[in-house]
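A quick write-up on the structure given underneath.
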Amino acid sequence: MRASASGFARTAAGLVAALVASPLLAGKAHEHGVGRLDLATEPAAITIAIDLPLEAVVGFERPPRDDAERARAEAMLARLRDAAALFSPDPAAGCKPGAVTLDAPVLQPGAAAPKDGHADLAATYAFTCSDGHRAAFVEVRLFDALPRLQRIEVQAVTRKGQMKAVLRRPATRVALAR
Ligand SMILES: [Zn+2]
């Protein structure tokens, strides 16, 4: 029994090493269905930055080709501007939604199709808080807004340090050390 348990441990360690070396996790190229979310708590603010494959947002990664695609892109961008609908920091932190920035170059009028066939959307959300460090969690509702999104790789920085987490559909809560 001992031997098989240590055999399992070795296999698991090998698997982790293989994942870390995987080109999907290494280079810049995104993985469809997977978003990134970076979060930081400060005394008077919580800031959230997300990076999404455009495929998960509008279903394509090139400029819109017709009015229907343009309308879909506009509707999704409007939805992604609604910080209060997408994110709810722990009420203990006393946060209110503030500035939002959205950056999706391929959806700009006159944009060219990306050379490598992939395009992203980046967004930032600034919440002003009475005490951002009191947040024990942030509710993230990106899976509701984006049916193609399956997983979110989370990195958070709080006064306790850095942490990583993975949010898998249908989970919504990012727990924070405080
Ligand atoms: Zn892509």
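If you're wondering about the labels, chains in the structure tokens are A, B, ... by order shown, residues count from 1 in each chain, ligands from 1 in order shown.
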
Open item on the list: To check your reading of the model: which residues sit at most 7 Å from ligand 1 when counting only C-alpha atoms and all ligand atoms? Write the answer as a PyMOL selection string.
Closed with: chain A and resi 30-32+53-55+61+117-119

Task: Residue set, stretch 128-161 of chain A restricted to strand (DSSP E), as a ChimeraX atom specification - done: /A:128-129,137-140,151-158,161

Save out the residues we just selected, N, CA, C and O atoms, as a JSON list (two decimals), in the first residue's frame.
```
[["chain", "number", "residue", "atom", "x", "y", "z"],
["A", 128, "THR", "N", -14.32, 52.02, -5.45],
["A", 128, "THR", "CA", -13.84, 52.79, -4.31],
["A", 128, "THR", "C", -14.49, 52.19, -3.06],
["A", 128, "THR", "O", -15.68, 51.86, -3.07],
["A", 129, "CYS", "N", -13.69, 52.02, -2.00],
["A", 129, "CYS", "CA", -14.15, 51.26, -0.84],
["A", 129, "CYS", "C", -13.87, 52.03, 0.45],
["A", 129, "CYS", "O", -12.92, 52.81, 0.53],
["A", 137, "PHE", "N", -14.13, 38.25, 0.20],
["A", 137, "PHE", "CA", -14.44, 37.60, -1.08],
["A", 137, "PHE", "C", -14.90, 38.66, -2.08],
["A", 137, "PHE", "O", -15.24, 39.79, -1.70],
["A", 138, "VAL", "N", -14.89, 38.27, -3.34],
["A", 138, "VAL", "CA", -15.54, 39.06, -4.40],
["A", 138, "VAL", "C", -16.37, 38.08, -5.21],
["A", 138, "VAL", "O", -15.87, 37.01, -5.61],
["A", 139, "GLU", "N", -17.63, 38.41, -5.42],
["A", 139, "GLU", "CA", -18.47, 37.60, -6.30],
["A", 139, "GLU", "C", -18.22, 38.03, -7.74],
["A", 139, "GLU", "O", -18.26, 39.23, -8.05],
["A", 140, "VAL", "N", -17.97, 37.05, -8.59],
["A", 140, "VAL", "CA", -17.65, 37.31, -10.00],
["A", 140, "VAL", "C", -18.73, 36.63, -10.85],
["A", 140, "VAL", "O", -18.89, 35.41, -10.78],
["A", 151, "ARG", "N", -13.64, 28.88, -17.54],
["A", 151, "ARG", "CA", -12.68, 28.90, -16.43],
["A", 151, "ARG", "C", -12.04, 30.27, -16.35],
["A", 151, "ARG", "O", -11.82, 30.90, -17.40],
["A", 152, "ILE", "N", -11.75, 30.72, -15.14],
["A", 152, "ILE", "CA", -11.06, 32.00, -14.96],
["A", 152, "ILE", "C", -9.86, 31.76, -14.06],
["A", 152, "ILE", "O", -10.00, 31.26, -12.94],
["A", 153, "GLU", "N", -8.67, 32.10, -14.56],
["A", 153, "GLU", "CA", -7.44, 32.01, -13.77],
["A", 153, "GLU", "C", -7.32, 33.31, -13.00],
["A", 153, "GLU", "O", -7.22, 34.37, -13.59],
["A", 154, "VAL", "N", -7.33, 33.20, -11.67],
["A", 154, "VAL", "CA", -7.38, 34.38, -10.82],
["A", 154, "VAL", "C", -6.04, 34.59, -10.12],
["A", 154, "VAL", "O", -5.45, 33.64, -9.62],
["A", 155, "GLN", "N", -5.59, 35.83, -10.11],
["A", 155, "GLN", "CA", -4.45, 36.22, -9.26],
["A", 155, "GLN", "C", -4.93, 37.38, -8.41],
["A", 155, "GLN", "O", -5.49, 38.34, -8.94],
["A", 156, "ALA", "N", -4.71, 37.29, -7.11],
["A", 156, "ALA", "CA", -5.14, 38.37, -6.23],
["A", 156, "ALA", "C", -3.99, 38.82, -5.34],
["A", 156, "ALA", "O", -3.16, 38.01, -4.93],
["A", 157, "VAL", "N", -3.95, 40.10, -5.10],
["A", 157, "VAL", "CA", -2.97, 40.66, -4.18],
["A", 157, "VAL", "C", -3.74, 41.37, -3.07],
["A", 157, "VAL", "O", -4.52, 42.29, -3.34],
["A", 158, "THR", "N", -3.56, 40.90, -1.84],
["A", 158, "THR", "CA", -4.16, 41.55, -0.68],
["A", 158, "THR", "C", -3.03, 41.93, 0.27],
["A", 158, "THR", "O", -1.87, 41.65, -0.02],
["A", 161, "GLY", "N", -0.62, 39.22, 0.96],
["A", 161, "GLY", "CA", 0.29, 38.72, -0.08],
["A", 161, "GLY", "C", -0.46, 38.32, -1.33],
["A", 161, "GLY", "O", -1.62, 38.69, -1.52]]
```

Give me, as a PDB file with N, CA, C and O atoms, in the first residue's frame, all polymer residues having an atom no more than 12 Å from stretch 164-178 of chain A, counting only C-alpha atoms and skipping those fewer than 6 positions away in the same chain.
```pdb
ATOM      1  N   GLY A  33     -12.121  29.792 -24.039  1.00  0.00           N
ATOM      2  CA  GLY A  33     -12.910  29.394 -22.885  1.00  0.00           C
ATOM      3  C   GLY A  33     -12.278  29.744 -21.558  1.00  0.00           C
ATOM      4  O   GLY A  33     -12.866  29.519 -20.505  1.00  0.00           O
ATOM      5  N   VAL A  34     -11.050  30.289 -21.605  1.00  0.00           N
ATOM      6  CA  VAL A  34     -10.327  30.583 -20.359  1.00  0.00           C
ATOM      7  C   VAL A  34     -10.004  32.074 -20.268  1.00  0.00           C
ATOM      8  O   VAL A  34      -9.376  32.635 -21.168  1.00  0.00           O
ATOM      9  N   GLY A  35     -10.434  32.700 -19.192  1.00  0.00           N
ATOM     10  CA  GLY A  35     -10.141  34.113 -18.964  1.00  0.00           C
ATOM     11  C   GLY A  35      -9.158  34.278 -17.826  1.00  0.00           C
ATOM     12  O   GLY A  35      -8.866  33.325 -17.095  1.00  0.00           O
ATOM     13  N   ARG A  36      -8.617  35.498 -17.729  1.00  0.00           N
ATOM     14  CA  ARG A  36      -7.728  35.817 -16.614  1.00  0.00           C
ATOM     15  C   ARG A  36      -8.323  36.975 -15.828  1.00  0.00           C
ATOM     16  O   ARG A  36      -8.939  37.878 -16.406  1.00  0.00           O
ATOM     17  N   LEU A  37      -8.137  36.940 -14.531  1.00  0.00           N
ATOM     18  CA  LEU A  37      -8.642  38.023 -13.688  1.00  0.00           C
ATOM     19  C   LEU A  37      -7.586  38.351 -12.634  1.00  0.00           C
ATOM     20  O   LEU A  37      -7.110  37.450 -11.937  1.00  0.00           O
ATOM     21  N   ASP A  38      -7.184  39.594 -12.602  1.00  0.00           N
ATOM     22  CA  ASP A  38      -6.240  40.068 -11.588  1.00  0.00           C
ATOM     23  C   ASP A  38      -6.972  41.035 -10.679  1.00  0.00           C
ATOM     24  O   ASP A  38      -7.683  41.921 -11.150  1.00  0.00           O
ATOM     25  N   LEU A  39      -6.768  40.843  -9.394  1.00  0.00           N
ATOM     26  CA  LEU A  39      -7.523  41.622  -8.422  1.00  0.00           C
ATOM     27  C   LEU A  39      -6.570  42.133  -7.352  1.00  0.00           C
ATOM     28  O   LEU A  39      -5.643  41.419  -6.966  1.00  0.00           O
ATOM     29  N   ALA A  40      -6.767  43.362  -6.917  1.00  0.00           N
ATOM     30  CA  ALA A  40      -5.931  43.894  -5.837  1.00  0.00           C
ATOM     31  C   ALA A  40      -6.809  44.641  -4.852  1.00  0.00           C
ATOM     32  O   ALA A  40      -7.696  45.407  -5.254  1.00  0.00           O
ATOM     33  N   THR A  41      -6.580  44.393  -3.565  1.00  0.00           N
ATOM     34  CA  THR A  41      -7.285  45.171  -2.547  1.00  0.00           C
ATOM     35  C   THR A  41      -6.325  46.207  -1.978  1.00  0.00           C
ATOM     36  O   THR A  41      -5.135  45.949  -1.799  1.00  0.00           O
ATOM     37  N   GLU A  42      -6.873  47.403  -1.729  1.00  0.00           N
ATOM     38  CA  GLU A  42      -6.114  48.499  -1.118  1.00  0.00           C
ATOM     39  C   GLU A  42      -7.021  49.080  -0.040  1.00  0.00           C
ATOM     40  O   GLU A  42      -8.204  48.766   0.004  1.00  0.00           O
ATOM     41  N   PRO A  43      -6.479  49.962   0.810  1.00  0.00           N
ATOM     42  CA  PRO A  43      -7.344  50.522   1.864  1.00  0.00           C
ATOM     43  C   PRO A  43      -8.605  51.178   1.294  1.00  0.00           C
ATOM     44  O   PRO A  43      -9.703  50.997   1.837  1.00  0.00           O
ATOM     45  N   ILE A  46     -10.710  48.544  -4.479  1.00  0.00           N
ATOM     46  CA  ILE A  46     -10.467  47.212  -5.026  1.00  0.00           C
ATOM     47  C   ILE A  46     -10.436  47.384  -6.538  1.00  0.00           C
ATOM     48  O   ILE A  46     -11.353  47.977  -7.112  1.00  0.00           O
ATOM     49  N   ILE A  48      -9.966  45.492 -10.312  1.00  0.00           N
ATOM     50  CA  ILE A  48     -10.084  44.208 -11.005  1.00  0.00           C
ATOM     51  C   ILE A  48      -9.715  44.433 -12.467  1.00  0.00           C
ATOM     52  O   ILE A  48     -10.203  45.378 -13.085  1.00  0.00           O
ATOM     53  N   LEU A  86     -21.417  42.736 -12.786  1.00  0.00           N
ATOM     54  CA  LEU A  86     -20.418  41.682 -12.969  1.00  0.00           C
ATOM     55  C   LEU A  86     -19.695  41.299 -11.681  1.00  0.00           C
ATOM     56  O   LEU A  86     -19.296  40.152 -11.512  1.00  0.00           O
ATOM     57  N   PHE A  87     -19.489  42.280 -10.800  1.00  0.00           N
ATOM     58  CA  PHE A  87     -18.667  42.039  -9.607  1.00  0.00           C
ATOM     59  C   PHE A  87     -19.330  42.600  -8.361  1.00  0.00           C
ATOM     60  O   PHE A  87     -19.822  43.729  -8.374  1.00  0.00           O
ATOM     61  N   SER A  88     -19.326  41.819  -7.283  1.00  0.00           N
ATOM     62  CA  SER A  88     -19.811  42.304  -5.992  1.00  0.00           C
ATOM     63  C   SER A  88     -18.769  42.003  -4.926  1.00  0.00           C
ATOM     64  O   SER A  88     -18.675  40.868  -4.445  1.00  0.00           O
ATOM     65  N   PRO A  89     -17.981  43.002  -4.546  1.00  0.00           N
ATOM     66  CA  PRO A  89     -17.061  42.787  -3.420  1.00  0.00           C
ATOM     67  C   PRO A  89     -17.857  42.579  -2.127  1.00  0.00           C
ATOM     68  O   PRO A  89     -18.978  43.089  -1.994  1.00  0.00           O
ATOM     69  N   ASP A  90     -17.284  41.823  -1.203  1.00  0.00           N
ATOM     70  CA  ASP A  90     -17.829  41.621   0.141  1.00  0.00           C
ATOM     71  C   ASP A  90     -18.366  42.953   0.683  1.00  0.00           C
ATOM     72  O   ASP A  90     -17.631  43.943   0.728  1.00  0.00           O
ATOM     73  N   ALA A  92     -18.642  43.984   3.525  1.00  0.00           N
ATOM     74  CA  ALA A  92     -17.837  44.476   4.651  1.00  0.00           C
ATOM     75  C   ALA A  92     -16.818  45.518   4.211  1.00  0.00           C
ATOM     76  O   ALA A  92     -16.352  46.328   5.015  1.00  0.00           O
ATOM     77  N   ALA A  93     -16.436  45.506   2.927  1.00  0.00           N
ATOM     78  CA  ALA A  93     -15.430  46.436   2.428  1.00  0.00           C
ATOM     79  C   ALA A  93     -16.039  47.783   2.014  1.00  0.00           C
ATOM     80  O   ALA A  93     -15.302  48.740   1.764  1.00  0.00           O
ATOM     81  N   ASP A 131     -13.118  50.309   3.218  1.00  0.00           N
ATOM     82  CA  ASP A 131     -11.949  49.567   3.681  1.00  0.00           C
ATOM     83  C   ASP A 131     -11.778  48.308   2.824  1.00  0.00           C
ATOM     84  O   ASP A 131     -12.273  47.238   3.167  1.00  0.00           O
ATOM     85  N   GLY A 132     -11.068  48.479   1.713  1.00  0.00           N
ATOM     86  CA  GLY A 132     -10.910  47.386   0.752  1.00  0.00           C
ATOM     87  C   GLY A 132     -10.299  46.133   1.343  1.00  0.00           C
ATOM     88  O   GLY A 132     -10.606  45.013   0.927  1.00  0.00           O
ATOM     89  N   HIS A 133      -9.452  46.296   2.361  1.00  0.00           N
ATOM     90  CA  HIS A 133      -8.789  45.139   2.971  1.00  0.00           C
ATOM     91  C   HIS A 133      -9.750  44.265   3.774  1.00  0.00           C
ATOM     92  O   HIS A 133      -9.391  43.152   4.169  1.00  0.00           O
ATOM     93  N   ARG A 134     -10.956  44.781   4.053  1.00  0.00           N
ATOM     94  CA  ARG A 134     -11.900  43.942   4.815  1.00  0.00           C
ATOM     95  C   ARG A 134     -12.634  42.939   3.929  1.00  0.00           C
ATOM     96  O   ARG A 134     -13.394  42.104   4.425  1.00  0.00           O
ATOM     97  N   ALA A 135     -12.437  43.017   2.635  1.00  0.00           N
ATOM     98  CA  ALA A 135     -13.137  42.091   1.731  1.00  0.00           C
ATOM     99  C   ALA A 135     -12.624  40.665   1.914  1.00  0.00           C
ATOM    100  O   ALA A 135     -11.442  40.390   1.727  1.00  0.00           O
ATOM    101  N   ALA A 136     -13.533  39.752   2.293  1.00  0.00           N
ATOM    102  CA  ALA A 136     -13.163  38.345   2.423  1.00  0.00           C
ATOM    103  C   ALA A 136     -13.436  37.592   1.125  1.00  0.00           C
ATOM    104  O   ALA A 136     -13.036  36.439   0.973  1.00  0.00           O
ATOM    105  N   PHE A 137     -14.128  38.250   0.200  1.00  0.00           N
ATOM    106  CA  PHE A 137     -14.443  37.604  -1.080  1.00  0.00           C
ATOM    107  C   PHE A 137     -14.900  38.664  -2.077  1.00  0.00           C
ATOM    108  O   PHE A 137     -15.237  39.788  -1.698  1.00  0.00           O
ATOM    109  N   VAL A 138     -14.893  38.275  -3.337  1.00  0.00           N
ATOM    110  CA  VAL A 138     -15.537  39.059  -4.395  1.00  0.00           C
ATOM    111  C   VAL A 138     -16.375  38.077  -5.214  1.00  0.00           C
ATOM    112  O   VAL A 138     -15.871  37.011  -5.608  1.00  0.00           O
ATOM    113  N   GLU A 139     -17.628  38.413  -5.423  1.00  0.00           N
ATOM    114  CA  GLU A 139     -18.475  37.602  -6.298  1.00  0.00           C
ATOM    115  C   GLU A 139     -18.222  38.030  -7.739  1.00  0.00           C
ATOM    116  O   GLU A 139     -18.260  39.229  -8.055  1.00  0.00           O
ATOM    117  N   VAL A 140     -17.966  37.053  -8.591  1.00  0.00           N
ATOM    118  CA  VAL A 140     -17.649  37.312 -10.003  1.00  0.00           C
ATOM    119  C   VAL A 140     -18.725  36.630 -10.848  1.00  0.00           C
ATOM    120  O   VAL A 140     -18.889  35.412 -10.782  1.00  0.00           O
ATOM    121  N   ARG A 141     -19.477  37.434 -11.625  1.00  0.00           N
ATOM    122  CA  ARG A 141     -20.570  36.844 -12.397  1.00  0.00           C
ATOM    123  C   ARG A 141     -20.287  36.827 -13.907  1.00  0.00           C
ATOM    124  O   ARG A 141     -21.203  36.906 -14.723  1.00  0.00           O
ATOM    125  N   LEU A 142     -19.024  36.691 -14.256  1.00  0.00           N
ATOM    126  CA  LEU A 142     -18.670  36.656 -15.685  1.00  0.00           C
ATOM    127  C   LEU A 142     -19.263  35.444 -16.400  1.00  0.00           C
ATOM    128  O   LEU A 142     -19.567  35.505 -17.589  1.00  0.00           O
ATOM    129  N   PHE A 143     -19.446  34.318 -15.684  1.00  0.00           N
ATOM    130  CA  PHE A 143     -19.998  33.128 -16.344  1.00  0.00           C
ATOM    131  C   PHE A 143     -21.438  33.364 -16.793  1.00  0.00           C
ATOM    132  O   PHE A 143     -21.881  32.797 -17.782  1.00  0.00           O
ATOM    133  N   ASP A 144     -22.187  34.186 -16.036  1.00  0.00           N
ATOM    134  CA  ASP A 144     -23.552  34.513 -16.447  1.00  0.00           C
ATOM    135  C   ASP A 144     -23.541  35.327 -17.732  1.00  0.00           C
ATOM    136  O   ASP A 144     -24.349  35.135 -18.626  1.00  0.00           O
ATOM    137  N   ALA A 145     -22.607  36.287 -17.791  1.00  0.00           N
ATOM    138  CA  ALA A 145     -22.563  37.195 -18.935  1.00  0.00           C
ATOM    139  C   ALA A 145     -21.987  36.524 -20.174  1.00  0.00           C
ATOM    140  O   ALA A 145     -22.321  36.908 -21.293  1.00  0.00           O
ATOM    141  N   LEU A 146     -21.117  35.516 -19.970  1.00  0.00           N
ATOM    142  CA  LEU A 146     -20.364  34.948 -21.089  1.00  0.00           C
ATOM    143  C   LEU A 146     -20.522  33.432 -21.135  1.00  0.00           C
ATOM    144  O   LEU A 146     -19.730  32.694 -20.536  1.00  0.00           O
ATOM    145  N   PRO A 147     -21.524  32.930 -21.845  1.00  0.00           N
ATOM    146  CA  PRO A 147     -21.807  31.494 -21.854  1.00  0.00           C
ATOM    147  C   PRO A 147     -20.644  30.632 -22.341  1.00  0.00           C
ATOM    148  O   PRO A 147     -20.556  29.462 -21.992  1.00  0.00           O
ATOM    149  N   ARG A 148     -19.733  31.197 -23.165  1.00  0.00           N
ATOM    150  CA  ARG A 148     -18.621  30.387 -23.674  1.00  0.00           C
ATOM    151  C   ARG A 148     -17.467  30.289 -22.689  1.00  0.00           C
ATOM    152  O   ARG A 148     -16.549  29.495 -22.879  1.00  0.00           O
ATOM    153  N   LEU A 149     -17.492  31.100 -21.659  1.00  0.00           N
ATOM    154  CA  LEU A 149     -16.386  31.107 -20.700  1.00  0.00           C
ATOM    155  C   LEU A 149     -16.525  29.934 -19.731  1.00  0.00           C
ATOM    156  O   LEU A 149     -17.582  29.738 -19.143  1.00  0.00           O
ATOM    157  N   GLN A 150     -15.455  29.127 -19.602  1.00  0.00           N
ATOM    158  CA  GLN A 150     -15.511  27.928 -18.763  1.00  0.00           C
ATOM    159  C   GLN A 150     -14.685  28.053 -17.490  1.00  0.00           C
ATOM    160  O   GLN A 150     -14.966  27.386 -16.498  1.00  0.00           O
ATOM    161  N   ARG A 151     -13.643  28.881 -17.538  1.00  0.00           N
ATOM    162  CA  ARG A 151     -12.684  28.901 -16.433  1.00  0.00           C
ATOM    163  C   ARG A 151     -12.039  30.265 -16.354  1.00  0.00           C
ATOM    164  O   ARG A 151     -11.820  30.903 -17.400  1.00  0.00           O
ATOM    165  N   ILE A 152     -11.745  30.721 -15.142  1.00  0.00           N
ATOM    166  CA  ILE A 152     -11.061  32.003 -14.959  1.00  0.00           C
ATOM    167  C   ILE A 152      -9.860  31.763 -14.056  1.00  0.00           C
ATOM    168  O   ILE A 152      -9.995  31.260 -12.940  1.00  0.00           O
ATOM    169  N   GLU A 153      -8.675  32.104 -14.564  1.00  0.00           N
ATOM    170  CA  GLU A 153      -7.443  32.006 -13.774  1.00  0.00           C
ATOM    171  C   GLU A 153      -7.317  33.307 -12.999  1.00  0.00           C
ATOM    172  O   GLU A 153      -7.215  34.375 -13.588  1.00  0.00           O
ATOM    173  N   VAL A 154      -7.334  33.204 -11.673  1.00  0.00           N
ATOM    174  CA  VAL A 154      -7.380  34.383 -10.819  1.00  0.00           C
ATOM    175  C   VAL A 154      -6.035  34.593 -10.123  1.00  0.00           C
ATOM    176  O   VAL A 154      -5.445  33.640  -9.621  1.00  0.00           O
ATOM    177  N   GLN A 155      -5.589  35.827 -10.107  1.00  0.00           N
ATOM    178  CA  GLN A 155      -4.451  36.217  -9.260  1.00  0.00           C
ATOM    179  C   GLN A 155      -4.926  37.377  -8.408  1.00  0.00           C
ATOM    180  O   GLN A 155      -5.486  38.339  -8.939  1.00  0.00           O
ATOM    181  N   ALA A 156      -4.705  37.292  -7.108  1.00  0.00           N
ATOM    182  CA  ALA A 156      -5.142  38.372  -6.226  1.00  0.00           C
ATOM    183  C   ALA A 156      -3.992  38.819  -5.342  1.00  0.00           C
ATOM    184  O   ALA A 156      -3.158  38.009  -4.934  1.00  0.00           O
ATOM    185  N   VAL A 157      -3.950  40.103  -5.103  1.00  0.00           N
ATOM    186  CA  VAL A 157      -2.970  40.660  -4.175  1.00  0.00           C
ATOM    187  C   VAL A 157      -3.745  41.371  -3.068  1.00  0.00           C
ATOM    188  O   VAL A 157      -4.521  42.287  -3.336  1.00  0.00           O
ATOM    189  N   THR A 158      -3.558  40.901  -1.842  1.00  0.00           N
ATOM    190  CA  THR A 158      -4.164  41.549  -0.683  1.00  0.00           C
ATOM    191  C   THR A 158      -3.031  41.930   0.268  1.00  0.00           C
ATOM    192  O   THR A 158      -1.867  41.651  -0.020  1.00  0.00           O
TER     193      THR A 158
END
```

TODO: Please indicate the distance in Å from atom CA of A:Asp120 to atom CA of A:Asp51, rounded to one decimal place.
DONE: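 The value is 6.7 Å.
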
Open item on the list: My list of candidates is A:Ala29, A:Ala56, A:Ala71, A:Ala126. Which is closest to A:Lys96 when distances are computed with only C-alpha atoms?
Closed with: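 Once distances to A:Lys96 are computed over only C-alpha atoms, the minimum belongs to A:Ala126.
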
Task: Among the residues A:Ala78, A:Cys95, A:Ala113, A:Ala83, the one that comes closest to A:Val57 [using only C-alpha atoms] - done: A:Ala78

Task: Pick from A:Gln162, A:Thr124, A:Gln108, A:Ser130, whichever lies nearest to A:Arg70 using only C-alpha atoms - done: A:Gln108
